[in-house]
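Novice: What follows is data18.tsv, made up of TSV, C-alpha atoms and all ligand atoms:
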chain	number	residue	atom	x	y	z
D	250	MET	CA	9.97	-6.84	50.41
D	251	ASP	CA	12.38	-4.80	48.41
D	252	CYS	CA	12.76	-1.45	50.20
D	253	ASP	CA	14.98	1.03	48.35
D	254	GLY	CA	17.09	-1.82	47.07
D	255	GLU	CA	17.30	-3.54	50.44
D	256	THR	CA	15.42	-6.75	51.16
D	257	ILE	CA	13.43	-6.67	54.37
D	258	GLU	CA	11.24	-9.23	56.13
D	259	CYS	CA	7.66	-8.19	56.45
D	260	GLN	CA	4.51	-9.73	57.95
D	261	VAL	CA	1.29	-9.95	55.99
D	262	ARG	CA	-1.83	-9.99	58.15
D	263	ARG	CA	-4.75	-12.06	57.09
D	264	ALA	CA	-6.96	-8.99	56.73
D	265	ASN	CA	-4.56	-7.57	54.17
D	266	GLU	CA	-5.15	-7.85	50.50
D	267	GLN	CA	-2.71	-10.54	49.41
D	268	PRO	CA	0.18	-8.93	47.58
D	269	ALA	CA	1.45	-10.36	44.31
D	270	VAL	CA	4.99	-10.13	43.04
D	271	GLY	CA	5.49	-6.67	41.52
D	272	ASP	CA	3.07	-4.99	43.89
D	273	ARG	CA	3.96	-1.69	45.47
D	274	VAL	CA	2.99	-1.55	49.11
D	275	THR	CA	3.17	0.67	52.13
D	276	LEU	CA	4.70	-0.72	55.29
D	277	LEU	CA	4.13	-0.09	58.98
D	278	ALA	CA	6.88	-0.56	61.53
D	279	SER	CA	5.76	-1.56	65.00
D	280	GLY	CA	7.51	-3.21	67.94
D	281	GLY	CA	10.62	-4.00	65.92
D	282	LEU	CA	8.51	-5.80	63.29
D	283	CYS	CA	7.48	-4.67	59.89
D	284	PHE	CA	3.93	-5.10	58.63
D	285	LEU	CA	2.37	-4.72	55.24
D	286	ASP	CA	-0.10	-1.86	55.48
D	287	THR	CA	-1.71	-1.42	52.07
D	288	VAL	CA	-1.27	-2.72	48.55
D	289	LEU	CA	-1.17	0.31	46.27
D	290	PRO	CA	-3.46	0.38	43.22
D	291	ARG	CA	-2.09	-1.80	40.44
D	292	ARG	CA	-1.21	-0.26	37.12
D	293	THR	CA	-1.36	-3.61	35.33
D	294	VAL	CA	-2.07	-7.21	36.31
D	295	LEU	CA	-1.35	-10.64	34.95
D	296	THR	CA	-3.93	-13.16	36.02
D	297	ARG	CA	-4.31	-16.89	35.65
D	298	ALA	CA	-6.94	-19.47	36.44
D	299	ASP	CA	-7.05	-20.20	40.16
D	300	PRO	CA	-6.41	-23.96	40.44
D	301	GLU	CA	-8.40	-24.05	43.69
D	302	SER	CA	-11.59	-22.71	42.20
D	303	LEU	CA	-13.63	-23.45	39.11
D	304	SER	CA	-14.29	-19.87	38.21
D	305	ALA	CA	-11.86	-17.55	39.97
D	306	THR	CA	-8.67	-16.02	38.67
D	307	LYS	CA	-5.55	-15.20	40.62
D	308	THR	CA	-3.20	-12.26	40.22
D	309	ILE	CA	0.25	-13.65	39.61
D	310	ALA	CA	2.15	-10.45	38.95
D	311	ALA	CA	1.38	-6.76	39.25
D	312	ASN	CA	2.66	-3.57	37.63
D	313	VAL	CA	4.40	-5.43	34.83
D	314	ASP	CA	5.20	-3.26	31.78
D	315	PHE	CA	6.04	-5.98	29.29
D	316	ALA	CA	5.11	-9.60	28.83
D	317	VAL	CA	8.08	-10.82	26.83
D	318	ILE	CA	6.71	-13.77	24.90
D	319	VAL	CA	9.71	-15.88	24.01
D	320	VAL	CA	9.50	-18.28	21.09
D	321	SER	CA	12.26	-20.04	19.24
D	322	VAL	CA	12.81	-21.20	15.70
D	323	LYS	CA	13.78	-24.71	14.64
D	324	ALA	CA	14.45	-26.18	18.09
D	325	PRO	CA	11.68	-26.12	19.18
D	326	PRO	CA	10.01	-24.73	16.02
D	327	LEU	CA	7.91	-21.60	16.15
D	328	HIS	CA	4.52	-22.01	17.86
D	329	VAL	CA	2.03	-19.16	17.74
D	330	ARG	CA	-0.60	-20.62	20.04
D	331	LEU	CA	1.15	-19.54	23.17
D	332	ILE	CA	1.64	-16.09	21.64
D	333	ASP	CA	-2.10	-15.73	21.08
D	334	ARG	CA	-2.97	-16.80	24.59
D	335	TRP	CA	-0.47	-14.39	26.08
D	336	MET	CA	-1.58	-11.57	23.81
D	337	VAL	CA	-5.05	-11.92	25.34
D	338	ILE	CA	-3.88	-12.14	28.94
D	339	ALA	CA	-1.50	-9.21	28.52
D	340	GLN	CA	-4.02	-6.92	26.84
D	341	ALA	CA	-6.68	-7.81	29.42
D	342	GLY	CA	-4.33	-6.75	32.22
D	343	GLY	CA	-3.00	-3.63	30.49
D	344	VAL	CA	0.44	-5.18	29.90
D	345	ASP	CA	2.26	-4.61	26.60
D	346	PRO	CA	3.14	-7.81	24.77
D	347	LEU	CA	6.55	-8.04	23.11
D	348	ILE	CA	7.57	-11.03	21.02
D	349	CYS	CA	11.16	-12.22	21.25
D	350	VAL	CA	12.24	-14.81	18.69
D	351	ASN	CA	15.31	-16.62	19.94
D	352	LYS	CA	17.78	-18.96	18.20
D	353	ILE	CA	17.83	-17.03	14.93
D	354	ASP	CA	21.40	-18.32	14.56
D	355	LEU	CA	19.73	-21.56	13.46
D	356	LEU	CA	18.09	-19.86	10.44
D	357	ASP	CA	20.83	-20.35	7.91
D	358	SER	CA	18.97	-19.72	4.65
D	359	ASP	CA	16.21	-17.57	3.17
D	360	GLU	CA	14.15	-20.70	3.00
D	361	ALA	CA	14.61	-21.26	6.74
D	362	ARG	CA	13.66	-17.64	7.46
D	363	ARG	CA	10.21	-18.35	6.08
D	364	GLU	CA	9.43	-19.78	9.51
D	365	LEU	CA	9.26	-16.17	10.69
D	366	ASP	CA	6.34	-15.40	8.34
D	367	ALA	CA	4.01	-16.66	11.05
D	368	LEU	CA	4.89	-13.55	13.07
D	369	ARG	CA	3.75	-11.04	10.47
D	370	PRO	CA	0.18	-10.83	11.83
D	371	TYR	CA	1.56	-9.62	15.16
D	372	GLU	CA	3.73	-6.98	13.56
D	373	GLU	CA	0.65	-5.82	11.66
D	374	LEU	CA	-1.10	-5.44	15.01
D	375	GLY	CA	1.74	-3.19	16.12
D	376	VAL	CA	3.41	-5.68	18.46
D	377	GLN	CA	7.18	-5.28	18.64
D	378	VAL	CA	8.99	-8.38	17.41
D	379	ILE	CA	12.67	-8.71	18.29
D	380	GLU	CA	14.83	-11.40	16.70
D	381	CYS	CA	17.77	-12.52	18.80
D	382	SER	CA	20.18	-15.26	19.58
D	383	ALA	CA	21.30	-15.87	23.13
D	384	SER	CA	24.14	-17.95	21.64
D	385	THR	CA	25.67	-15.34	19.33
D	386	GLY	CA	24.40	-12.25	21.13
D	387	ALA	CA	22.64	-10.99	18.01
D	388	GLY	CA	19.67	-8.77	18.85
D	389	ILE	CA	20.36	-8.83	22.59
D	390	GLU	CA	21.17	-5.11	22.59
D	391	ASP	CA	17.87	-4.34	20.87
D	392	LEU	CA	16.07	-6.36	23.50
D	393	ALA	CA	17.97	-4.62	26.28
D	394	SER	CA	17.06	-1.18	25.02
D	395	ALA	CA	13.40	-2.14	24.59
D	396	LEU	CA	13.23	-3.40	28.17
D	397	SER	CA	15.45	-0.80	29.80
D	398	SER	CA	13.98	0.58	33.04
D	399	ARG	CA	10.92	-1.65	32.69
D	400	LEU	CA	9.44	-4.47	34.73
D	401	CYS	CA	8.92	-7.59	32.61
D	402	VAL	CA	7.97	-11.20	32.79
D	403	PHE	CA	9.47	-13.70	30.37
D	404	VAL	CA	7.04	-16.35	29.26
D	405	GLY	CA	7.32	-19.18	26.79
D	406	HIS	CA	7.66	-22.93	26.53
D	407	SER	CA	10.65	-24.44	28.22
D	408	GLY	CA	13.59	-24.95	25.94
D	409	VAL	CA	13.01	-21.78	23.92
D	410	GLY	CA	15.91	-20.10	25.73
D	411	LYS	CA	14.41	-17.80	28.37
D	412	SER	CA	17.16	-18.45	30.91
D	413	SER	CA	19.83	-18.14	28.22
D	414	ILE	CA	18.44	-14.76	27.15
D	415	LEU	CA	18.38	-13.49	30.73
D	416	ASN	CA	22.00	-14.59	31.10
D	417	ALA	CA	22.83	-12.81	27.85
D	418	LEU	CA	21.13	-9.64	29.12
D	419	ASP	CA	23.19	-9.84	32.29
D	420	PRO	CA	26.08	-12.34	32.38
D	421	SER	CA	26.40	-11.93	36.15
D	422	LEU	CA	23.05	-13.70	36.56
D	423	ARG	CA	24.34	-17.22	35.72
D	424	LEU	CA	20.96	-18.94	35.61
D	425	ALA	CA	21.03	-22.67	34.95
D	426	THR	CA	20.12	-23.42	31.35
D	427	ASN	CA	19.58	-26.37	29.08
D	428	ALA	CA	15.99	-27.17	29.72
D	429	LEU	CA	15.84	-30.52	28.02
D	430	ARG	CA	16.03	-33.49	30.32
D	431	SER	CA	17.82	-36.15	28.34
D	432	SER	CA	15.54	-38.94	29.57
D	433	ASP	CA	12.13	-37.78	28.35
D	434	GLY	CA	12.85	-34.64	26.37
D	435	LYS	CA	10.50	-32.60	28.60
D	436	GLY	CA	11.48	-29.32	30.16
D	437	ARG	CA	12.38	-28.90	33.78
D	438	HIS	CA	11.02	-26.28	36.09
D	439	THR	CA	13.49	-25.30	38.71
D	440	THR	CA	11.77	-22.15	39.93
D	441	THR	CA	9.34	-22.73	42.76
D	442	ALA	CA	9.27	-19.28	44.35
D	443	SER	CA	8.63	-15.92	42.73
D	444	THR	CA	11.80	-13.97	42.15
D	445	LEU	CA	12.44	-10.47	40.93
D	446	TYR	CA	15.79	-10.17	39.17
D	447	ARG	CA	17.41	-6.80	38.70
D	448	LEU	CA	19.55	-6.96	35.59
D	449	ALA	CA	21.98	-4.61	33.89
D	450	ASN	CA	20.39	-1.66	32.00
D	451	ASP	CA	17.91	-1.25	34.86
D	452	ILE	CA	15.79	-4.13	33.58
D	453	ALA	CA	13.67	-5.86	36.20
D	454	VAL	CA	12.40	-9.36	35.49
D	455	ILE	CA	9.86	-11.33	37.45
D	456	ASP	CA	10.25	-15.07	37.33
D	457	THR	CA	7.30	-16.86	38.80
D	458	PRO	CA	6.18	-20.46	38.43
D	459	GLY	CA	2.60	-19.19	38.24
D	460	VAL	CA	3.42	-17.56	34.95
D	461	ARG	CA	4.97	-20.63	33.48
D	462	GLU	CA	2.15	-23.04	34.19
D	463	LEU	CA	-0.45	-20.58	33.21
D	464	GLY	CA	-4.03	-21.74	33.09
D	465	PHE	CA	-6.34	-19.62	30.98
D	466	ARG	CA	-9.70	-18.48	32.29
D	467	MET	CA	-11.76	-15.70	30.83
D	468	ASP	CA	-15.40	-15.15	29.99
D	469	PRO	CA	-15.62	-16.34	26.35
D	470	ARG	CA	-17.57	-13.18	25.51
D	471	GLU	CA	-14.64	-11.07	26.62
D	472	VAL	CA	-11.98	-12.86	24.58
D	473	ARG	CA	-13.08	-11.40	21.23
D	474	TRP	CA	-12.14	-7.86	22.31
D	475	TYR	CA	-8.51	-8.92	22.57
D	476	PHE	CA	-8.35	-9.88	18.90
D	477	PRO	CA	-8.10	-6.33	17.54
D	478	GLU	CA	-8.15	-7.45	13.90
D	479	PHE	CA	-11.72	-8.74	14.40
D	480	GLN	CA	-13.00	-5.23	15.14
D	481	ASN	CA	-12.71	-4.15	11.47
D	482	HIS	CA	-15.34	-6.65	10.35
D	483	ARG	CA	-19.05	-6.20	10.89
D	484	CYS	CA	-21.36	-9.03	11.85
D	485	ARG	CA	-25.11	-9.20	11.55
D	486	PHE	CA	-25.44	-9.70	15.31
D	487	GLY	CA	-23.78	-7.18	17.60
D	488	ASP	CA	-22.89	-9.89	20.12
D	489	CYS	CA	-21.66	-12.35	17.47
D	490	SER	CA	-19.32	-14.97	18.89
D	491	HIS	CA	-17.93	-15.52	15.37
D	492	THR	CA	-18.65	-19.23	15.54
D	493	ASN	CA	-22.11	-20.46	14.56
D	494	GLU	CA	-23.94	-17.25	13.70
D	495	PRO	CA	-25.02	-16.44	10.13
D	496	GLY	CA	-23.78	-13.18	8.65
D	497	CYS	CA	-20.50	-13.24	10.57
D	498	GLY	CA	-18.02	-10.81	9.02
D	499	VAL	CA	-15.12	-12.32	10.94
D	500	LYS	CA	-15.65	-15.79	9.50
D	501	LEU	CA	-15.88	-14.32	6.00
D	502	ALA	CA	-12.66	-12.41	6.56
D	503	VAL	CA	-10.96	-15.62	7.64
D	504	ARG	CA	-12.30	-17.47	4.66
D	505	ASP	CA	-10.99	-14.76	2.35
D	506	GLY	CA	-7.63	-14.48	4.05
D	507	ALA	CA	-8.11	-10.97	5.50
D	508	ILE	CA	-7.77	-12.41	9.03
D	509	PRO	CA	-5.03	-15.03	9.51
D	510	ARG	CA	-6.57	-18.45	9.97
D	511	ALA	CA	-4.15	-19.31	12.79
D	512	ARG	CA	-5.38	-16.29	14.80
D	513	TYR	CA	-9.00	-17.28	14.31
D	514	GLU	CA	-8.25	-20.85	15.35
D	515	SER	CA	-6.50	-19.63	18.48
D	516	TYR	CA	-9.54	-17.52	19.27
D	517	CYS	CA	-11.81	-20.53	18.92
D	518	ARG	CA	-9.56	-22.61	21.13
D	519	LEU	CA	-9.53	-19.92	23.82
D	520	ILE	CA	-13.33	-19.80	23.92
D	521	GLY	CA	-13.59	-23.60	23.79
D	522	ALA	CA	-15.22	-23.71	20.33
D	523	GLU	CA	-14.45	-25.61	17.16
D	524	PRO	CA	-13.19	-23.44	14.28
D	525	VAL	CA	-16.03	-23.44	11.79
D	526	VAL	CA	-14.73	-21.55	8.78
D	527	GLU	CA	-14.26	-23.60	5.65
D	528	PRO	CA	-10.80	-23.14	4.18
D	529	ASN	CA	-10.60	-20.69	1.32
D	530	GLY	CA	-10.43	-22.34	-2.08
D	531	THR	CA	-11.88	-25.59	-0.81
D	532	SER	CA	-15.44	-26.68	-0.84
D	533	PHE	CA	-18.50	-25.26	0.89
D	534	ARG	CA	-21.98	-26.68	1.22
D	535	CYS	CA	-24.77	-24.95	-0.71
D	536	ILE	CA	-27.12	-23.14	1.64
D	537	ASN	CA	-30.10	-24.08	-0.59
D	538	CYS	CA	-29.66	-27.59	-2.00
D	539	GLY	CA	-26.83	-28.96	0.17
D	540	GLU	CA	-24.51	-29.63	-2.78
D	541	GLN	CA	-20.79	-29.65	-1.93
D	542	VAL	CA	-19.24	-26.88	-4.06
D	543	THR	CA	-15.56	-26.56	-4.92
D	544	PRO	CA	-14.77	-22.93	-5.83
D	545	ASP	CA	-11.59	-23.89	-7.71
D	546	ASP	CA	-13.62	-25.60	-10.43
D	547	SER	CA	-14.93	-22.27	-11.61
D	548	GLY	CA	-11.56	-20.54	-11.60
D	549	THR	CA	-12.60	-17.88	-9.06
D	550	ARG	CA	-11.94	-18.02	-5.37
D	551	HIS	CA	-14.79	-15.68	-4.60
D	552	ARG	CA	-17.41	-17.91	-6.07
D	553	ASN	CA	-20.29	-18.41	-3.77
D	554	HIS	CA	-23.10	-19.61	-5.94
D	555	CYS	CA	-23.88	-23.26	-6.33
D	556	PRO	CA	-23.49	-24.66	-9.88
D	557	LYS	CA	-26.34	-27.11	-9.32
D	558	CYS	CA	-29.19	-24.85	-8.09
D	559	LEU	CA	-27.50	-21.46	-8.76
D	560	TRP	CA	-28.40	-20.14	-5.29
D	561	SER	CA	-25.90	-17.95	-3.52
D	562	VAL	CA	-25.32	-16.32	-0.13
D	563	HIS	CA	-25.46	-12.61	0.56
D	564	LEU	CA	-21.82	-11.85	1.39
D	565	ASP	CA	-20.79	-9.01	-0.88
D	566	HIS	CA	-21.78	-5.47	-1.69
D	567	GLN	CA	-19.36	-5.40	-4.62
D	568	PRO	CA	-18.29	-8.75	-6.08
D	569	GLY	CA	-15.74	-10.33	-3.77
D	570	ASP	CA	-15.61	-7.51	-1.18
D	571	ARG	CA	-17.26	-9.61	1.55
D	572	ALA	CA	-18.60	-6.38	2.99
D	573	SER	CA	-22.17	-7.49	3.60
D	574	CYS	CA	-23.10	-8.76	7.01
D	575	CYS	CA	-26.45	-10.17	5.89
D	576	GLY	CA	-25.51	-13.78	5.20
D	577	ALA	CA	-28.98	-14.79	3.97
D	578	PRO	CA	-29.62	-17.04	0.96
D	579	MET	CA	-29.81	-15.31	-2.44
D	580	GLU	CA	-32.16	-16.61	-5.08
D	581	PRO	CA	-31.17	-16.61	-8.78
D	582	VAL	CA	-33.77	-14.43	-10.48
D	583	ALA	CA	-32.45	-13.70	-13.96
D	584	VAL	CA	-29.62	-14.11	-16.41
D	585	TRP	CA	-28.13	-11.02	-17.96
D	586	VAL	CA	-25.38	-10.18	-20.42
D	587	ARG	CA	-22.91	-7.61	-19.20
D	588	LYS	CA	-20.89	-5.20	-21.33
D	589	GLY	CA	-18.35	-7.24	-23.25
D	590	GLY	CA	-20.67	-10.19	-23.61
D	591	GLU	CA	-20.00	-11.79	-20.23
D	592	TRP	CA	-22.93	-13.71	-18.79
D	593	ALA	CA	-24.05	-13.06	-15.26
D	594	ILE	CA	-26.70	-14.38	-12.91
D	595	ILE	CA	-28.74	-11.81	-11.05
D	596	HIS	CA	-29.28	-12.83	-7.44
D	597	ARG	CA	-31.77	-11.35	-5.02
D	598	CYS	CA	-31.35	-11.65	-1.26
D	599	ARG	CA	-34.27	-13.45	0.33
D	600	GLU	CA	-33.94	-11.33	3.44
D	601	CYS	CA	-32.95	-7.79	2.50
D	602	GLY	CA	-33.87	-7.80	-1.19
D	603	GLU	CA	-30.50	-6.51	-2.38
D	604	LEU	CA	-29.61	-7.51	-5.95
D	605	SER	CA	-26.21	-8.59	-7.14
D	606	SER	CA	-24.76	-9.97	-10.32
D	607	ASN	CA	-22.41	-12.95	-10.46
D	608	ARG	CA	-20.43	-14.14	-13.40
D	609	VAL	CA	-21.72	-17.40	-14.85
D	610	ALA	CA	-19.20	-20.16	-14.19
D	611	ALA	CA	-18.20	-22.88	-16.64
D	612	ASP	CA	-19.86	-25.62	-14.64
D	613	ASP	CA	-23.18	-23.86	-13.93
D	614	ASN	CA	-26.34	-25.85	-14.63
D	615	GLU	CA	-27.14	-24.89	-18.23
D	616	MET	CA	-30.79	-25.92	-18.22
D	617	LEU	CA	-31.43	-23.78	-15.17
D	618	LEU	CA	-29.56	-20.86	-16.74
D	619	LEU	CA	-31.67	-21.21	-19.87
D	620	SER	CA	-34.91	-21.37	-17.96
D	621	LEU	CA	-33.93	-18.24	-16.03
D	622	ALA	CA	-32.99	-16.44	-19.23
D	623	ALA	CA	-36.30	-17.40	-20.79
D	624	LYS	CA	-38.37	-16.74	-17.69
D	625	PRO	CA	-41.79	-15.55	-18.83
D	626	LEU	CA	-42.67	-11.95	-18.12
D	627	ALA	CA	-45.47	-13.31	-15.99
D	628	GLN	CA	-42.83	-13.90	-13.28
D	629	PRO	CA	-40.56	-10.90	-13.78
D	630	PRO	CA	-37.60	-10.69	-11.45
D	631	PHE	CA	-37.99	-6.92	-11.04
D	632	PRO	CA	-41.11	-4.87	-10.26
D	633	LEU	CA	-42.41	-3.96	-13.74
D	634	GLU	CA	-44.83	-1.32	-12.47
D	635	ARG	CA	-41.90	1.09	-12.12
D	636	LEU	CA	-41.24	0.79	-15.86
D	637	GLY	CA	-42.61	3.56	-18.03
D	638	GLY	CA	-44.58	4.79	-14.99
D	701	LIG	P1	14.37	-22.03	28.92
D	701	LIG	O1	13.80	-23.34	29.30
D	701	LIG	O2	13.40	-21.25	28.08
D	701	LIG	O3	14.91	-21.23	30.06
D	701	LIG	O4	15.59	-22.37	27.91
D	701	LIG	P2	17.17	-22.41	28.21
D	701	LIG	O5	17.71	-21.04	28.36
D	701	LIG	O6	17.43	-23.39	29.30
D	701	LIG	O7	17.71	-22.97	26.79
D	701	LIG	C1	17.28	-24.22	26.26
D	701	LIG	C2	18.32	-24.75	25.29
D	701	LIG	O8	18.40	-23.92	24.13
D	701	LIG	C3	19.72	-24.79	25.86
D	701	LIG	O9	20.33	-26.01	25.42
D	701	LIG	C4	20.42	-23.60	25.26
D	701	LIG	O10	21.80	-23.80	25.13
D	701	LIG	C5	19.74	-23.51	23.91
D	701	LIG	N1	19.71	-22.12	23.41
D	701	LIG	C6	19.31	-21.01	24.10
D	701	LIG	N2	19.41	-19.90	23.33
D	701	LIG	C7	19.89	-20.32	22.12
D	701	LIG	C8	20.20	-19.62	20.90
D	701	LIG	O11	20.09	-18.40	20.75
D	701	LIG	N3	20.63	-20.37	19.86
D	701	LIG	C9	20.78	-21.73	19.96
D	701	LIG	N4	21.23	-22.37	18.88
D	701	LIG	N5	20.51	-22.40	21.10
D	701	LIG	C10	20.07	-21.71	22.17
D	702	ZN	ZN	-19.16	-12.58	13.78
Before anything else, please render the file you have as structure tokens.
Ligand code: GDP
Ligand code: ZN
Specialist:
Amino acid sequence: MDCDGETIECQVRRANEQPAVGDRVTLLASGGLCFLDTVLPRRTVLTRADPESLSATKTIAANVDFAVIVVSVKAPPLHVRLIDRWMVIAQAGGVDPLICVNKIDLLDSDEARRELDALRPYEELGVQVIECSASTGAGIEDLASALSSRLCVFVGHSGVGKSSILNALDPSLRLATNALRSSDGKGRHTTTASTLYRLANDIAVIDTPGVRELGFRMDPREVRWYFPEFQNHRCRFGDCSHTNEPGCGVKLAVRDGAIPRARYESYCRLIGAEPVVEPNGTSFRCINCGEQVTPDDSGTRHRNHCPKCLWSVHLDHQPGDRASCCGAPMEPVAVWVRKGGEWAIIHRCRECGELSSNRVAADDNEMLLLSLAAKPLAQPPFPLERLGG
């Protein structure tokens, strides 16, 4: 135990709640020995899957302010998967994520800097992203001031430069670096016990093997709340898992590029599901006749009616806004000419009855268009009784 800067030995009785690194505790002195009395309430927690149980989680660190997610560019190249996983774990435990991109000295051209584009979604979520180089010292001061007087854990794949950054933050630390074993190219893990380092600038860093070999375990239904960008999109079902349900606003947003595909794929991986959104601009299967449709053919990326049967799907309120959470098939009921002479198909939703108009595409089935245009008034697409009433 660290007691006012002094390290003291302390016994933990079996009846005690097991303390985790970072915990604040009260102690009892008795008979020349020191006992842990209580573990004080935790402000934040970082948890991982308990390897000894199929369902339980284990607290690996307590009262951490920042999870510093370290990634590197070029060597190894930027990976966002680990960022997404840590974003979820951190938010779930009340810990602020901070992304630290190391090795920016290796980005020697504007072209090379494009690798950093993958981090834009996190900045848009309000996550602080700090670029640095442990080698040149660039950005280390920014990192130091962000972490000053905070308790942090550094997480990230081995080889990204975590030890080097800690050394740069406090040269007196002298941690061993160079994670690549020459024989198999895999990282080494030298830490076996949890350690709390106190660095210059009053930065405290927990290094724990539990953090590094983190297993992920969370109720799949909980994971979606830690993808804040999903909350702006409405789904037909309140408990939508954003995978197989019809009328899923999240999947539409991914398809239209409003939610980054990589984030959605991470989400699916974390809940153990296959990503099911068709890529934007590539084909989709017609909900009515099963035809494979390639939107590019019609020159519009928002196309969602099938050129063969002309059926569509109820996705939009206004063309292309993807604001509807209905998702039901839409039947082509009429052909109309808009102002300016542009032809449009009128669609009616089979489920909610909403009408919409869609521009006729160059490859639409002409015979079907004609038959719709010439549809006898015996089968009018709109209720005629309202006319002239
Ligand atoms: P860790 O496994 O995350 O602790 O990574 P290390 O700190 O051991 O660093 C892994 C390797 O990357 C070492 O060979 C370092 O010299 C190198 N490295 C660390 N930081 C930088 C950096 O900012 N720029 C470059 N070019 N190399 C770095
Ligand atoms: Zn959904």
Novice: What residues of the protein or nucleic acid chains come within 7 Å of ligand LIG 701 (chain D) when you use all atoms listed in the file? Reply as a list in words.
Specialist: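 For ligand LIG 701 (chain D), the residues inside 7 Å are Asn351, Lys352, Ile353, Asp354, Leu355, Cys381, Ser382, Ala383, Ser384, Thr385, Gly405, His406, Ser407, Gly408, Val409, Gly410, Lys411, Ser412, Ser413, Ile414, Ala425, Thr426, Asn427, Ala428, Leu429 and Gly436 of chain D.
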Novice: Export C-alpha atoms of the chosen residues as a PDB file, in the frame of the given file?
Specialist:
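The new file out-v8.pdb reads:
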ATOM      1  CA  ASN D 351      15.310 -16.620  19.940  1.00  0.00           C
ATOM      2  CA  LYS D 352      17.780 -18.960  18.200  1.00  0.00           C
ATOM      3  CA  ILE D 353      17.830 -17.030  14.930  1.00  0.00           C
ATOM      4  CA  ASP D 354      21.400 -18.320  14.560  1.00  0.00           C
ATOM      5  CA  LEU D 355      19.730 -21.560  13.460  1.00  0.00           C
ATOM      6  CA  CYS D 381      17.770 -12.520  18.800  1.00  0.00           C
ATOM      7  CA  SER D 382      20.180 -15.260  19.580  1.00  0.00           C
ATOM      8  CA  ALA D 383      21.300 -15.870  23.130  1.00  0.00           C
ATOM      9  CA  SER D 384      24.140 -17.950  21.640  1.00  0.00           C
ATOM     10  CA  THR D 385      25.670 -15.340  19.330  1.00  0.00           C
ATOM     11  CA  GLY D 405       7.320 -19.180  26.790  1.00  0.00           C
ATOM     12  CA  HIS D 406       7.660 -22.930  26.530  1.00  0.00           C
ATOM     13  CA  SER D 407      10.650 -24.440  28.220  1.00  0.00           C
ATOM     14  CA  GLY D 408      13.590 -24.950  25.940  1.00  0.00           C
ATOM     15  CA  VAL D 409      13.010 -21.780  23.920  1.00  0.00           C
ATOM     16  CA  GLY D 410      15.910 -20.100  25.730  1.00  0.00           C
ATOM     17  CA  LYS D 411      14.410 -17.800  28.370  1.00  0.00           C
ATOM     18  CA  SER D 412      17.160 -18.450  30.910  1.00  0.00           C
ATOM     19  CA  SER D 413      19.830 -18.140  28.220  1.00  0.00           C
ATOM     20  CA  ILE D 414      18.440 -14.760  27.150  1.00  0.00           C
ATOM     21  CA  ALA D 425      21.030 -22.670  34.950  1.00  0.00           C
ATOM     22  CA  THR D 426      20.120 -23.420  31.350  1.00  0.00           C
ATOM     23  CA  ASN D 427      19.580 -26.370  29.080  1.00  0.00           C
ATOM     24  CA  ALA D 428      15.990 -27.170  29.720  1.00  0.00           C
ATOM     25  CA  LEU D 429      15.840 -30.520  28.020  1.00  0.00           C
ATOM     26  CA  GLY D 436      11.480 -29.320  30.160  1.00  0.00           C
TER      27      GLY D 436
END
Novice: Name each residue within 8 Å of ligand ZN 702 (chain D), counting only C-alpha atoms and all ligand atoms, as a PyMOL selection string.
Specialist: chain D and resi 482-486+488-492+494-500
Novice: Could you take the residues named above and write them with C-alpha atoms, as a CSV table (one decimal), in the coordinates of the input?
Specialist:
chain,number,residue,atom,x,y,z
D,482,HIS,CA,-15.3,-6.6,10.4
D,483,ARG,CA,-19.0,-6.2,10.9
D,484,CYS,CA,-21.4,-9.0,11.8
D,485,ARG,CA,-25.1,-9.2,11.6
D,486,PHE,CA,-25.4,-9.7,15.3
D,488,ASP,CA,-22.9,-9.9,20.1
D,489,CYS,CA,-21.7,-12.4,17.5
D,490,SER,CA,-19.3,-15.0,18.9
D,491,HIS,CA,-17.9,-15.5,15.4
D,492,THR,CA,-18.6,-19.2,15.5
D,494,GLU,CA,-23.9,-17.2,13.7
D,495,PRO,CA,-25.0,-16.4,10.1
D,496,GLY,CA,-23.8,-13.2,8.6
D,497,CYS,CA,-20.5,-13.2,10.6
D,498,GLY,CA,-18.0,-10.8,9.0
D,499,VAL,CA,-15.1,-12.3,10.9
D,500,LYS,CA,-15.6,-15.8,9.5
Novice: Using only C-alpha atoms, determine which residues lie at most 9 Å from stretch 596-599 of chain D, disregarding the query and same-chain residues fewer than 2 positions distant; provide the list as an MDAnalysis selection string.
Specialist: chainID D and resid 559:563 575:583 594 601:607 630
Novice: Could you check the closest approach to D:Gln260 for each of D:Leu448, D:Cys535, D:Ile309, D:Leu285 and tell me which residue wins, using only C-alpha atoms?
Specialist: D:Leu285
Novice: What gap, in Å, lies between atom CA of D:Arg273 and atom CA of D:Gly464?
Specialist: 24.9 Å
Novice: Show me, as an NGL selection string, the residues that have an atom within 10 Å of D:Leu327 when counting all atoms listed in the file, minus same-chain residues fewer than 6 positions from it.
Specialist: :D and (319-321 or 350-351 or 364-365 or 367-368 or 409)
Novice: Convert the current residue selection to file output with C-alpha atoms, as a PDB file, in the frame of the given file.
Specialist:
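out13.pdb, written as the output of this step:
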ATOM      1  CA  VAL D 319       9.710 -15.880  24.010  1.00  0.00           C
ATOM      2  CA  VAL D 320       9.500 -18.280  21.090  1.00  0.00           C
ATOM      3  CA  SER D 321      12.260 -20.040  19.240  1.00  0.00           C
ATOM      4  CA  VAL D 350      12.240 -14.810  18.690  1.00  0.00           C
ATOM      5  CA  ASN D 351      15.310 -16.620  19.940  1.00  0.00           C
ATOM      6  CA  GLU D 364       9.430 -19.780   9.510  1.00  0.00           C
ATOM      7  CA  LEU D 365       9.260 -16.170  10.690  1.00  0.00           C
ATOM      8  CA  ALA D 367       4.010 -16.660  11.050  1.00  0.00           C
ATOM      9  CA  LEU D 368       4.890 -13.550  13.070  1.00  0.00           C
ATOM     10  CA  VAL D 409      13.010 -21.780  23.920  1.00  0.00           C
TER      11      VAL D 409
END
